[in-house]
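Below you'll find the structure, written out as structure tokens, and then a few comments.
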Amino acid sequence: MKLAQLVVRRRGWIAVLWVAAAVVFVPRASRLPNVLQTSARVEGSESAAVERLLQGPLASAYARYAVLVIGGVPSPATAEGAAALRRVIQPVAAAPQVAGVFSYLDRADSLLVSPAGRGTLVIVGLAADSATKPDRIIPHLRSLTERLAGALRRDYPDIVLRWTGETPLNVDLRRTSAADVQHAERRALPVTAALLVLAFGALAAALVPVVAGAVAIAIALGAAAVAAGIWPLSILLQSVVPMLGLGLGIDYALLMVSRFRDALGEGREPSAAAAEAAQHAGHTILLSAATVALGFLVLLTVPLNEMRAIAAAGLLVVVTSALLATTLLPGVLATLGARIDWGRVRRATFRRTSVEWWRRWGRWVTGHPWVALVAGGLPLVVLALQAIGLQSGLPRGDWLPASMESARALSDLRRMGRSGMIQTLRIVVTMPEHVSVRQPAGWDAVARYTQTLQADPRVARVRSIVTVLEAAGMSRAKLASTPGFTTRRLTAGLLSRDGRLALVEVMPGESVAPNEVLAFVRELRAMGTRRLGIGGASLTVGGLPAFNTDYQDAVAGRFWHIVALVVGGTMLALFVGFRSVLVPLKAVVLNLLSVGAAFGALKLVFQDGHGARLLGVTQPLGAVFSSLPVVVFCIVFGLSMDYEVFLMTRIREARNAGMSDHDAIVEGLGSTAQVITNAAAIMLVVFAAFTLGDVLLTKLLGFALAVAVLLDATIVRMIVGPALLQLAGKWNWWPAGNRLPESRELGGLRPVADGAPHGYVLERRPGPRTSQ
């Protein structure tokens, strides 16, 4: 209480500190996209090791590459087509963002020509900084090819120049995702404002949480820009901050405003009402924020820059929103006073009617706990059991947004039968010390491995030092006897200068599904060097499929570790907060039920395709992204705990005031149900807005979060939770005792059941001025 009074009394200084924070951080928010990483990476993985070797000892100009798909021109096998290709290649090769260009003009390879006869493709090596600045490189290259297409259109009216590959796809996905977030914000904010007006019945009361949420997002984004300058973070962060900021920032402010208006309604002066709101709602908000933050802290243990970006985004939003609601907002409310009800659109009796309705509902649930438990819990359990069949991996089908140039270019490659180029495996063979590929033993080892891969039915093409020299009419003996500078053009990127490292590139067949390619990666890694036939050698498998494999393994291998840490940490925090064993245990079980139900809904709708068309997905996906279960678990577990803490705090306060367990449950439900359902409605609107975007991952995440919040705030907290509390009775509060000591702050309150307008009221006995 002393801290709450201090926050209200020093509200001027606190406001100055927040203004200073806004001045420091908000301008930096606009620069956030420039300091975030577009490409994902798995720290310490084989795919990352191959990338380093390509950029280092192998000195490949194609360590990172893009594919330029050229359509609407004659085949480069003809003189006219070769001339057109030359007119495209020369300006592209001269661009400072380009490290190398390989086309049909360099080698008459049928792989580089469309079987239909009109069109070709070019492999373009990207400059070394493409890993950190792809958002600058790809737009420059696109601008260049747009000008080239305009100039060539006079001679070739149907010409099309499109970029695709890992880097262009990453850039387009991140940009499309950012656009989705902006559209979702524009959809959600008006509906959120309308819901708040409906909830509070006054324009001013509705405006305060919206402004609090917006300020929390702006400051969190600015703080993220500072953090990204020190610690590499993925651009995914700028999608997560608005999603969580709109929900958590508004929710915490909504709880504080509700408590303040309750205190004003009981006759408190504005400053006393603000201090009381800060004391009770502030404790609830901080305990809730601690449990939400725990899930994001655990995500930091996953060695993926994307997961760590989500974790950083969540932590920044939670901390900013909680501090804003518990420090700045009480002072703002004390200053506003009765003006918080400015712009009233309905009478105050509506809230009293709503509280009484929820009390009647609480009396029914506590009067029929077994009926409520079976009616509410059984459908949730059935839905949660569907989660057993949830598959994680790469979804099948063409799920990339059609608005992306890189996705359209990938479709062009599929029509040409060349989309396997994007899925090329890049295997680095490392010879033992004192052995070189130029020597017979090393050469024979690479040749055997090449032949093994060529014989695999899943492989369409193998490129190695052996195949390249054979195509050029050279043998190993000639390679060994020819000076290095003479053969460097042929061996560049395929052989290190000392001859110990050799690159083998494997292009999967067109009919091989993405998940089959991932299985092939695991098979190659498990097989190791057995097919090389030389002791002391090693294989490192990289490329986009290897990265996807490493990504899946990094997430899936830590899922149960993350679950254990989050569950254990949450139980500990709730045990300290409520001094009970059953309360944390019940909260964890119900949260797991909410998470399981969300996973079950994901499985039914997206994996199996039941109703997916309503959300813009035309076919069953067969699997969900491997990162989704971990992210959904951490976010849902924390958000669900919000409502549990809101409810249990009020029940404990009522019980401390002298009520029986039954009456305390009814009072807690009556006083918090409207706040919980209003907060959940806002969360539901925010998350549902993200399901309408084009990026599949964002759509699935928004859907899972929306379903979890809907089920948790209604069936779990309003039916199943109270029923379990009623059945447990006094054992809910063990080991603190059958009855907790009276709270000094509650001023010695007692229930009066007879003649009260709502069944009972709380009557003051002599004690300190503050009360519930």
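Residue numbers start at 1 in each chain; chains themselves are named A, B, ... in the order of the structure tokens; ligands are numbered from 1 in the order shown.
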Subject >> Ser258 of chain A environment, 9 Å, only C-alpha atoms, sequence neighbours closer than 4 positions dropped, as a list in words >> reply: Phe200, Ala205, Ala253, Leu254, Asp262, Ala263, Ala277, Ala281 and Val675 of chain A
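In the backbone-derived DSSP annotation, strand (DSSP E or B) within segment 593-772 of chain A comprises Val624, Pro735, Leu749, Arg750, Pro751, Val752, Val761, Leu762, Glu763 and Arg764 of chain A.
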Original post:
Near Ser103 of chain A, counting only C-alpha atoms, which residues have an atom at most 7 Å away, once you skip same-chain residues fewer than 5 positions from it, shown as a list in words?
Top reply: Leu112, Leu121, Val122 and Ile123 of chain A
10 Å contact set for Ile217 of chain A, only C-alpha atoms, chain neighbours under 5 positions out, as a PDB file with all heavy atoms, in the first residue's frame:
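Dumped to result-v3.pdb:
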```pdb
ATOM      1  N   VAL A  26      10.939   5.957 -28.684  1.00  0.00           N
ATOM      2  CA  VAL A  26       9.942   5.997 -29.767  1.00  0.00           C
ATOM      3  C   VAL A  26      10.564   6.379 -31.115  1.00  0.00           C
ATOM      4  O   VAL A  26      10.264   5.740 -32.136  1.00  0.00           O
ATOM      5  CB  VAL A  26       8.772   6.929 -29.399  1.00  0.00           C
ATOM      6  CG1 VAL A  26       7.833   7.122 -30.595  1.00  0.00           C
ATOM      7  CG2 VAL A  26       7.994   6.348 -28.223  1.00  0.00           C
ATOM      8  N   ALA A  29      12.055   3.468 -32.966  1.00  0.00           N
ATOM      9  CA  ALA A  29      11.171   2.408 -33.464  1.00  0.00           C
ATOM     10  C   ALA A  29      11.095   2.410 -34.984  1.00  0.00           C
ATOM     11  O   ALA A  29      11.001   1.350 -35.609  1.00  0.00           O
ATOM     12  CB  ALA A  29       9.777   2.567 -32.857  1.00  0.00           C
ATOM     13  N   VAL A 211      -4.740   3.928 -25.528  1.00  0.00           N
ATOM     14  CA  VAL A 211      -3.531   4.753 -25.538  1.00  0.00           C
ATOM     15  C   VAL A 211      -2.400   4.030 -24.815  1.00  0.00           C
ATOM     16  O   VAL A 211      -1.245   4.040 -25.274  1.00  0.00           O
ATOM     17  CB  VAL A 211      -3.805   6.124 -24.885  1.00  0.00           C
ATOM     18  CG1 VAL A 211      -2.508   6.919 -24.724  1.00  0.00           C
ATOM     19  CG2 VAL A 211      -4.810   6.910 -25.715  1.00  0.00           C
ATOM     20  N   ALA A 212      -2.710   3.371 -23.701  1.00  0.00           N
ATOM     21  CA  ALA A 212      -1.673   2.629 -22.960  1.00  0.00           C
ATOM     22  C   ALA A 212      -1.068   1.533 -23.827  1.00  0.00           C
ATOM     23  O   ALA A 212       0.151   1.338 -23.848  1.00  0.00           O
ATOM     24  CB  ALA A 212      -2.268   2.037 -21.689  1.00  0.00           C
ATOM     25  N   GLY A 222      10.990   0.619 -29.851  1.00  0.00           N
ATOM     26  CA  GLY A 222      12.216   1.413 -29.745  1.00  0.00           C
ATOM     27  C   GLY A 222      13.285   0.723 -28.918  1.00  0.00           C
ATOM     28  O   GLY A 222      14.467   0.724 -29.271  1.00  0.00           O
ATOM     29  N   ALA A 223      12.869   0.093 -27.806  1.00  0.00           N
ATOM     30  CA  ALA A 223      13.821  -0.648 -26.980  1.00  0.00           C
ATOM     31  C   ALA A 223      14.388  -1.831 -27.751  1.00  0.00           C
ATOM     32  O   ALA A 223      15.565  -2.180 -27.609  1.00  0.00           O
ATOM     33  CB  ALA A 223      13.132  -1.123 -25.701  1.00  0.00           C
ATOM     34  N   GLN A 238       9.290  -7.632 -35.124  1.00  0.00           N
ATOM     35  CA  GLN A 238       8.385  -6.515 -35.380  1.00  0.00           C
ATOM     36  C   GLN A 238       6.967  -6.978 -35.694  1.00  0.00           C
ATOM     37  O   GLN A 238       6.042  -6.157 -35.713  1.00  0.00           O
ATOM     38  CB  GLN A 238       8.908  -5.631 -36.509  1.00  0.00           C
ATOM     39  CG  GLN A 238       8.900  -6.244 -37.881  1.00  0.00           C
ATOM     40  CD  GLN A 238       9.389  -5.264 -38.936  1.00  0.00           C
ATOM     41  OE1 GLN A 238       9.767  -4.137 -38.638  1.00  0.00           O
ATOM     42  NE2 GLN A 238       9.369  -5.694 -40.176  1.00  0.00           N
ATOM     43  N   VAL A 241       5.665  -7.976 -31.541  1.00  0.00           N
ATOM     44  CA  VAL A 241       5.438  -6.882 -30.592  1.00  0.00           C
ATOM     45  C   VAL A 241       4.041  -6.283 -30.731  1.00  0.00           C
ATOM     46  O   VAL A 241       3.326  -6.137 -29.729  1.00  0.00           O
ATOM     47  CB  VAL A 241       6.536  -5.794 -30.741  1.00  0.00           C
ATOM     48  CG1 VAL A 241       6.133  -4.530 -29.994  1.00  0.00           C
ATOM     49  CG2 VAL A 241       7.866  -6.312 -30.203  1.00  0.00           C
ATOM     50  N   PRO A 242       3.579  -5.911 -31.930  1.00  0.00           N
ATOM     51  CA  PRO A 242       2.220  -5.364 -32.017  1.00  0.00           C
ATOM     52  C   PRO A 242       1.146  -6.367 -31.613  1.00  0.00           C
ATOM     53  O   PRO A 242       0.157  -5.992 -30.962  1.00  0.00           O
ATOM     54  CB  PRO A 242       2.078  -4.980 -33.495  1.00  0.00           C
ATOM     55  CG  PRO A 242       3.476  -4.818 -33.982  1.00  0.00           C
ATOM     56  CD  PRO A 242       4.270  -5.824 -33.236  1.00  0.00           C
ATOM     57  N   MET A 243       1.321  -7.640 -31.999  1.00  0.00           N
ATOM     58  CA  MET A 243       0.321  -8.651 -31.663  1.00  0.00           C
ATOM     59  C   MET A 243       0.149  -8.771 -30.148  1.00  0.00           C
ATOM     60  O   MET A 243      -0.970  -8.750 -29.621  1.00  0.00           O
ATOM     61  CB  MET A 243       0.725 -10.003 -32.255  1.00  0.00           C
ATOM     62  CG  MET A 243      -0.269 -11.118 -31.960  1.00  0.00           C
ATOM     63  SD  MET A 243       0.316 -12.757 -32.475  1.00  0.00           S
ATOM     64  CE  MET A 243       0.229 -12.620 -34.249  1.00  0.00           C
ATOM     65  N   LEU A 244       1.269  -8.900 -29.431  1.00  0.00           N
ATOM     66  CA  LEU A 244       1.205  -9.042 -27.980  1.00  0.00           C
ATOM     67  C   LEU A 244       0.940  -7.708 -27.291  1.00  0.00           C
ATOM     68  O   LEU A 244       0.254  -7.658 -26.265  1.00  0.00           O
ATOM     69  CB  LEU A 244       2.517  -9.637 -27.462  1.00  0.00           C
ATOM     70  CG  LEU A 244       2.818 -11.069 -27.894  1.00  0.00           C
ATOM     71  CD1 LEU A 244       4.178 -11.489 -27.369  1.00  0.00           C
ATOM     72  CD2 LEU A 244       1.749 -12.021 -27.403  1.00  0.00           C
ATOM     73  N   GLY A 245       1.475  -6.636 -27.861  1.00  0.00           N
ATOM     74  CA  GLY A 245       1.301  -5.323 -27.237  1.00  0.00           C
ATOM     75  C   GLY A 245      -0.147  -4.881 -27.203  1.00  0.00           C
ATOM     76  O   GLY A 245      -0.622  -4.332 -26.202  1.00  0.00           O
ATOM     77  N   LEU A 246      -0.860  -5.098 -28.297  1.00  0.00           N
ATOM     78  CA  LEU A 246      -2.277  -4.737 -28.320  1.00  0.00           C
ATOM     79  C   LEU A 246      -3.054  -5.528 -27.279  1.00  0.00           C
ATOM     80  O   LEU A 246      -3.946  -4.993 -26.619  1.00  0.00           O
ATOM     81  CB  LEU A 246      -2.866  -4.999 -29.714  1.00  0.00           C
ATOM     82  CG  LEU A 246      -2.550  -3.970 -30.794  1.00  0.00           C
ATOM     83  CD1 LEU A 246      -3.082  -4.434 -32.139  1.00  0.00           C
ATOM     84  CD2 LEU A 246      -3.151  -2.623 -30.435  1.00  0.00           C
ATOM     85  N   LEU A 248      -1.755  -7.511 -24.403  1.00  0.00           N
ATOM     86  CA  LEU A 248      -1.320  -7.352 -23.013  1.00  0.00           C
ATOM     87  C   LEU A 248      -1.409  -5.918 -22.534  1.00  0.00           C
ATOM     88  O   LEU A 248      -1.846  -5.655 -21.410  1.00  0.00           O
ATOM     89  CB  LEU A 248       0.117  -7.865 -22.872  1.00  0.00           C
ATOM     90  CG  LEU A 248       0.309  -9.377 -22.963  1.00  0.00           C
ATOM     91  CD1 LEU A 248       1.792  -9.713 -22.943  1.00  0.00           C
ATOM     92  CD2 LEU A 248      -0.399 -10.081 -21.832  1.00  0.00           C
ATOM     93  N   GLY A 249      -0.977  -4.962 -23.379  1.00  0.00           N
ATOM     94  CA  GLY A 249      -1.009  -3.565 -22.961  1.00  0.00           C
ATOM     95  C   GLY A 249      -2.411  -3.101 -22.620  1.00  0.00           C
ATOM     96  O   GLY A 249      -2.636  -2.435 -21.598  1.00  0.00           O
ATOM     97  N   ALA A 313      10.832  -9.985 -27.970  1.00  0.00           N
ATOM     98  CA  ALA A 313       9.619  -9.195 -28.196  1.00  0.00           C
ATOM     99  C   ALA A 313       8.642  -9.367 -27.042  1.00  0.00           C
ATOM    100  O   ALA A 313       8.080  -8.392 -26.521  1.00  0.00           O
ATOM    101  CB  ALA A 313       8.961  -9.619 -29.513  1.00  0.00           C
ATOM    102  N   LEU A 316       9.982  -7.651 -23.798  1.00  0.00           N
ATOM    103  CA  LEU A 316       9.891  -6.189 -23.870  1.00  0.00           C
ATOM    104  C   LEU A 316       8.447  -5.714 -23.729  1.00  0.00           C
ATOM    105  O   LEU A 316       8.164  -4.736 -23.029  1.00  0.00           O
ATOM    106  CB  LEU A 316      10.475  -5.696 -25.196  1.00  0.00           C
ATOM    107  CG  LEU A 316      11.998  -5.781 -25.318  1.00  0.00           C
ATOM    108  CD1 LEU A 316      12.445  -5.482 -26.744  1.00  0.00           C
ATOM    109  CD2 LEU A 316      12.664  -4.811 -24.343  1.00  0.00           C
ATOM    110  N   VAL A 317       7.516  -6.418 -24.383  1.00  0.00           N
ATOM    111  CA  VAL A 317       6.100  -6.028 -24.299  1.00  0.00           C
ATOM    112  C   VAL A 317       5.568  -6.227 -22.889  1.00  0.00           C
ATOM    113  O   VAL A 317       4.872  -5.358 -22.341  1.00  0.00           O
ATOM    114  CB  VAL A 317       5.270  -6.828 -25.316  1.00  0.00           C
ATOM    115  CG1 VAL A 317       3.787  -6.683 -25.028  1.00  0.00           C
ATOM    116  CG2 VAL A 317       5.555  -6.359 -26.721  1.00  0.00           C
ATOM    117  N   THR A 320       7.231  -3.633 -20.437  1.00  0.00           N
ATOM    118  CA  THR A 320       6.753  -2.274 -20.710  1.00  0.00           C
ATOM    119  C   THR A 320       5.284  -2.115 -20.329  1.00  0.00           C
ATOM    120  O   THR A 320       4.906  -1.129 -19.679  1.00  0.00           O
ATOM    121  CB  THR A 320       6.938  -1.931 -22.199  1.00  0.00           C
ATOM    122  OG1 THR A 320       8.302  -2.131 -22.562  1.00  0.00           O
ATOM    123  CG2 THR A 320       6.567  -0.489 -22.467  1.00  0.00           C
ATOM    124  N   SER A 321       4.455  -3.071 -20.730  1.00  0.00           N
ATOM    125  CA  SER A 321       3.021  -2.974 -20.444  1.00  0.00           C
ATOM    126  C   SER A 321       2.744  -3.019 -18.948  1.00  0.00           C
ATOM    127  O   SER A 321       1.919  -2.246 -18.434  1.00  0.00           O
ATOM    128  CB  SER A 321       2.266  -4.107 -21.144  1.00  0.00           C
ATOM    129  OG  SER A 321       2.435  -4.060 -22.535  1.00  0.00           O
TER     130      SER A 321
END
```
Original post:
Could you name the residues that touch Pro457 of chain A at 10 Å or less, counting only C-alpha atoms, but leaving out those on the same chain fewer than 2 positions away, as a PyMOL selection string?
Top reply: chain A and resi 453-455+459-460+508-509+512
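Here atom CA of Glu405 of chain A is placed at a distance of 20.4 Å from atom CA of Val101 of chain A.
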Which residues are near Arg41 of chain A? Cut-off 12 Å, only C-alpha atoms, ignore same chain within fewer than 6 positions. Put them as a tab-separated table (two decimals) with C-alpha atoms, in the first residue's frame.
```tsv
chain	number	residue	atom	x	y	z
A	47	SER	CA	24.02	-25.86	-42.12
A	48	ALA	CA	25.61	-22.80	-40.51
A	49	ALA	CA	29.02	-24.52	-40.60
A	51	GLU	CA	27.82	-21.55	-44.95
A	52	ARG	CA	30.97	-20.47	-43.11
A	131	ALA	CA	23.41	-12.38	-44.98
A	132	THR	CA	23.09	-9.21	-42.90
A	170	ASN	CA	13.04	-14.62	-46.77
A	232	PRO	CA	21.34	-9.95	-33.33
A	233	LEU	CA	17.55	-10.34	-33.56
A	234	SER	CA	15.29	-11.59	-36.32
A	302	VAL	CA	16.38	-22.27	-28.18
A	303	PRO	CA	19.45	-21.57	-30.41
A	304	LEU	CA	17.41	-19.89	-33.16
A	305	ASN	CA	17.54	-16.17	-33.81
A	306	GLU	CA	13.82	-16.25	-34.67
A	307	MET	CA	12.85	-17.89	-31.36
A	308	ARG	CA	15.05	-15.47	-29.47
A	309	ALA	CA	13.46	-12.57	-31.34
A	542	GLY	CA	24.19	-27.78	-45.61
A	543	GLY	CA	21.83	-25.96	-47.94
A	544	LEU	CA	18.22	-24.89	-47.44
A	546	ALA	CA	19.64	-28.94	-44.16
A	547	PHE	CA	18.79	-25.62	-42.54
A	548	ASN	CA	15.12	-26.66	-42.31
A	549	THR	CA	16.21	-29.96	-40.75
A	550	ASP	CA	18.43	-28.18	-38.22
A	551	TYR	CA	15.57	-25.78	-37.46
A	552	GLN	CA	13.15	-28.62	-36.79
A	554	ALA	CA	16.54	-27.42	-32.61
```
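By chain and then residue number, the residues within 8 Å of Gly125 of chain A are Ala61, Tyr62, Ala63, Arg64, Tyr65, Ala66, Val98, Ala99, Gly100 and Val101 of chain A, counting only C-alpha atoms and disregarding those fewer than 3 positions away in sequence.
Atom to atom, atom CA of Ser580 of chain A and atom CA of Trp734 of chain A stand 5.4 Å apart.
Counting only C-alpha atoms and comparing A:Thr326, A:Thr452, A:Ser75, A:Ser496, the residue that lies closest to Arg530 of chain A is A:Thr452.
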Subject >> Using only C-alpha atoms: which of A:Gly557, A:Gly442, A:Gly693, A:Gly638 has the shortest distance to Phe296 of chain A >> reply: A:Gly638
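Across A:Pro401, A:Gly420, A:Gly611, A:Pro620, the tightest approach to Asp180 of chain A is made by A:Pro401 when counting only C-alpha atoms.
Here atom CA of Asp608 of chain A stands at a distance of 25.4 Å from atom CA of Val716 of chain A.
If only C-alpha atoms are the atoms counted, then among A:Leu628, A:Gly577, A:Ala681, A:Ala290 the closest residue to Trp733 of chain A is A:Gly577.
Comparing A:Leu585, A:Ala513, A:Ile562, A:Ala202 by their smallest distance to Ala728 of chain A, the closest is A:Leu585 (using only C-alpha atoms).
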